[in-house]
Amino acid sequence: MTVHSIVVAFDGSPESIVASNEAADIARLTKARLTIVGVVSLVSRGFGVSLPAGEGVERTIAESRAALEVEKSRIVKRGLPGVEAHLLEGDPVAAVVGFVEKNSVDLIVVGSRGLDALGRFFLGSVSDGILHYARCSVLVAKAPAAEKKPSP
């Protein structure tokens with residue numbers, strides 16, 4: 001598989017940082033373009049941020065943009081120039097898949113929260129949705145076992 005363009009879905013969670021690191025490593029090895037995307041959504045689900053009413057919307061969008069820029073800077077400092085960051089709006093799955101389709105992306109990298117079947121049923125799973133609807137390859141990055149917290 002030839003990889004020219006990679007998108008990583010980022011929401012600031014530890015799992016999305018693992019995915020971002022993995023995407024950066026692959027981009028460095030393949031000399032692919034890396035784009036970090038975040039999603040602001042009206043519902044809280046995975047890579048989306050739940051928007052409060054009124055002035056809180058503008059603040060949430062500004063905070064989300066700032067978090068993406070911080071992550072972009074972190075990846076650039078790791079030696080990967082040319083990284084882009086985009087804040088999308090809408091349903092997280094639809095927004096990421098739509099961005100990928102419009103931008104001829106070869107690989108999507110997402111993190112995994114490690115939800116059990118019941119959690120996926122009630123909360124849905126952004127990574128599962130992206131796997132289902134994306135027309136390109138998807139890598140679900142997981143933290144090494146040493147980084148995972150033990151179950152209670």
# chains A, B, ... in the order shown; residues from 1 in each chain; ligands from 1
$ closest_atom_pairs --of "region 126-148 of chain A" --to "region 91-115 of chain A" --cutoff "8 Å" --atoms "only C-alpha atoms" --output "tab-separated table"
residue	atom	partner	partner_atom	distance
A:Val126	CA	A:Val93	CA	5.7
A:Ser127	CA	A:Val110	CA	6.2
A:Gly129	CA	A:Val93	CA	5.8
A:Ile130	CA	A:Val93	CA	5.6
A:Tyr133	CA	A:Val97	CA	6.9
A:Ala134	CA	A:Val97	CA	5.6
A:Arg135	CA	A:Glu101	CA	7.7
A:Cys136	CA	A:Asp106	CA	5.7
A:Ser137	CA	A:Leu107	CA	5.0
A:Val138	CA	A:Ile108	CA	4.7
A:Leu139	CA	A:Val109	CA	4.8
A:Val140	CA	A:Val110	CA	5.0
A:Ala141	CA	A:Gly111	CA	4.9
A:Lys142	CA	A:Ser112	CA	5.8
$ write_last_selection --atoms "C-alpha atoms" --output "compact mmCIF listing (two decimals), in the first residue's frame"
# COMPACT_ATOMS: atom_id res chain seq x y z
CA VAL A 126 -16.38 6.73 16.49
CA SER A 127 -13.55 4.39 15.52
CA GLY A 129 -18.09 4.15 12.57
CA ILE A 130 -15.02 5.33 10.70
CA TYR A 133 -17.87 4.04 6.40
CA ALA A 134 -14.36 5.01 5.28
CA ARG A 135 -13.36 4.07 1.75
CA CYS A 136 -9.67 4.01 2.60
CA SER A 137 -7.57 2.02 5.06
CA VAL A 138 -8.09 2.69 8.77
CA LEU A 139 -5.60 1.99 11.53
CA VAL A 140 -6.94 1.77 15.08
CA ALA A 141 -3.97 2.61 17.29
CA LYS A 142 -3.93 1.22 20.80
$ closest_residue --among "A:Gly79, A:His132, A:Leu87, A:Leu68" --to "Ser13 (chain A)" --atoms "only C-alpha atoms"
A:Leu68
$ closest_residue --among "A:Ile17, A:Asp11, A:Gly90, A:Lys77" --to "Arg65 (chain A)" --atoms "only C-alpha atoms"
A:Asp11
